[in-house]
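Encoded as structure tokens, the structure appears first; notes follow it.
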Amino acid sequence: METEEQLEKQQRERRNFLSCLGSAVACGAAAVMAGTVLSRATAAVRAAVTGGPTRPAIPGYDWTKHRWAFGVDATKCIGCLRCVEACKRENDVPADAHHFRTWVERYVYLEGEETARVDSQADPVNIAASGSEGEYRFADRYKDAKVEKAFFVPKLCNQCTNPACVQVCPTGATYRTEDGVVLIDHAYCIGCQYCVQACPYGARYFNAEKGVSDKCTWCYHRITKGLQPACVEVCPVGARIFGDREDPQSPINQFIRDNQVQVLKRETGNSPNVFYVGIDKEVS
Amino acid sequence: MPRHIIRLLLLMAAFGGAAYAAMAFFTADSFYKYGHYRGNSVAEIASDKPKYKGATYCDSCHAERFAEWSKGVHNRPDRGKVLVGCETCHGAAGGRDTTGMFQHAASGADHPNNLKLAVPAEPAKLCTHCHERIVGRPAQQPQIVVADHAGTQQCTVCHNAHSPRLGLVVAAAPASSRSDASVGKVKAVMCTGCHGADGVSENLPGPSLAGQKESYLVEALTAYSTGARSNPMMNAAAQAVSIEDSANIAAYFAGLKCESTLNHEKQVASAAQATVSKCIACHGANGISANRSWPNLVGLSKNYLIDALRAYREGARKNAIMAGIVSNLSDAHIEEAAAYYANTTCR
């Protein structure tokens, strides 16, 4: 049985504690808000004061004057996988078959089957046919089967206009440039792989050597120099098309004008920028 | 103002200051420059060195190959863009390349400073990446079933990798477009003694020349005059003939009529069909080949044919395609093949 004094003391201490807690929370919130506002303000002031270039220091290139896009003609692809190899050499992608920035899928409809059988160069059967993990080749599968329809579909990062991967990145390591390419800053990436999960197309992978997430960049280091991405350069049959949508005569604009094009997984709302011709109901 | 309010405000200011300091310390300088990311990384990524240089990079040192390639079917940018560039098969000319089939010095420098780009050791492994018949390849792509097409032969035995379509091969000595058969007829009078009037030789010392491929005749005359092919009579005769006359004489004989009459009575035994089928693929079942680069075999004597095949096998006559085909022919096979074509006469 406690005395009235003791009860009052308890009440007082309780109130003290709660008000301390409340003010601590209020202080914390205010601090964070103040800090954010202040640092943004100073950054803006600094930029305005220095009046420096408002575009990245890429010699001879103005990113406000380009809007890149990519086209894939699946009716032409022969599944030779030169693009996969070239991309790996150009971009130092880990050599084994399960790491890739671009890949090719094969869709095979056997007689009497409604759904396609899908494989890619990362399929164990195809790895075995190529002889080693560093070489890529599609095995001559299904040669004894009754095949109704079969075709190849090359795929790569769609460099979406509303990318899910950029939205989920906790550090701001991945971002979209003014010319429409989604890049990854390897210095800032912490390797949480949230973006790898978020991408609906499976275009991203984790590079364990560097401890960062990685993906196709449309060979940004080449296109800013007027070259084509490596995969487009080596494709022997012209299944890959690249160009600048700001240029009416560019190959990609001609491709989009001359064909009925579609994109993958339009319903996810990412607004992808790779346009496909010749894909099928099962390709997504 | 009440003291507790002042204390609160001071506390908030302290926290705010600490937060600002931390943010400024931990955030990179160029962050927020263009958006919620480190602005300098754009230029960093763009400054990477390209490794693939494109076919024209190779032209400056490899002009002959480049010319061969540009005229061949691996370079048809107009027709649905077929473009098998140099680097598609030889690997990237720039920087490091330590993956895949082609390995060369990881020096970071561009070819030629980082040594040679590999010439593919096994064409059959490389060419079949694109040309093997597999399910899914569109019909417009030329594709073969390897076992039926070439067995275990390498592709380059018959195909020039830089200009692969057969028949577009440039002959060793260019057939002159100014060659004049009527002039050739006059100059060829001295040939008829051994090669027969109208170029049809039956039992004369020299082989029939009527209807023979013009470029082959020019090549033969050139080879005799330089001594690459050795035959005392022909060496002397060829040296007496000028280059222009060679072209004219070749044009004359090429224009003469020769229709093969395969002598059915002397059909070769079925056992020899395997050997002969190899010859028929290029030289035709009746000894008249479909392609102007491959000589006719009609109207040649058995001994002449045996000598020729042996010369190819031993290397006395040099021809990349023939060398590959006859390299493992036994004497018995050679005789079978010769016997088959010796049955064809030219009329």
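Order determines the names: the first chain of the structure tokens is A, the second B, and so forth; residues in each chain are numbered 1 upward, and ligands are numbered 1 upward as they are shown.
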Pull out every residue of chain A that has at least one atom within 7 Å of chain B, counting only C-alpha atoms, and report them as a PyMOL selection string. chain A and resi 27-28+30-32+34-35+38-39+56-58+75-76+78-80+82+89-90+95+134-135+137+140+142-143+150-152+172-173+175+185+220-222+224+230+234+236-238
Alpha helix (DSSP H) call set, DSSP backbone run, range 113-281 of chain B, as number ranges by chain: B: 123-131, 146-149, 181-187, 192-195, 214-226, 232-239, 243-254, 273-281
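All residues within range 39-286 of chain B that the backbone DSSP calculation assigns to strand (DSSP E or B) are B:Asn75, B:Arg76, B:Val82, B:Leu83, B:Glu132, B:Ile144, B:Asn160, B:Ser163, B:Ser260, B:Thr261, B:Leu262.
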I'd like the neighbourhood of range 246-261 of chain A as a CSV table (one decimal) with C-alpha atoms, in the first residue's frame, where a residue qualifies if any of its atoms comes within 9 Å (using only C-alpha atoms), though same-chain residues fewer than 6 positions away should be ignored.
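Ended up saving to around-v4.csv:
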chain,number,residue,atom,x,y,z
A,65,LYS,CA,20.2,16.6,-77.3
A,66,HIS,CA,19.7,12.8,-77.4
A,67,ARG,CA,17.0,10.4,-76.5
A,68,TRP,CA,18.2,6.8,-77.0
A,69,ALA,CA,16.1,3.8,-77.8
A,70,PHE,CA,16.6,0.2,-78.8
A,71,GLY,CA,14.8,-2.1,-81.2
A,275,PHE,CA,10.7,-2.1,-79.0
A,276,TYR,CA,10.1,-5.6,-80.2
A,277,VAL,CA,9.0,-7.0,-83.6
A,278,GLY,CA,8.1,-10.6,-84.1
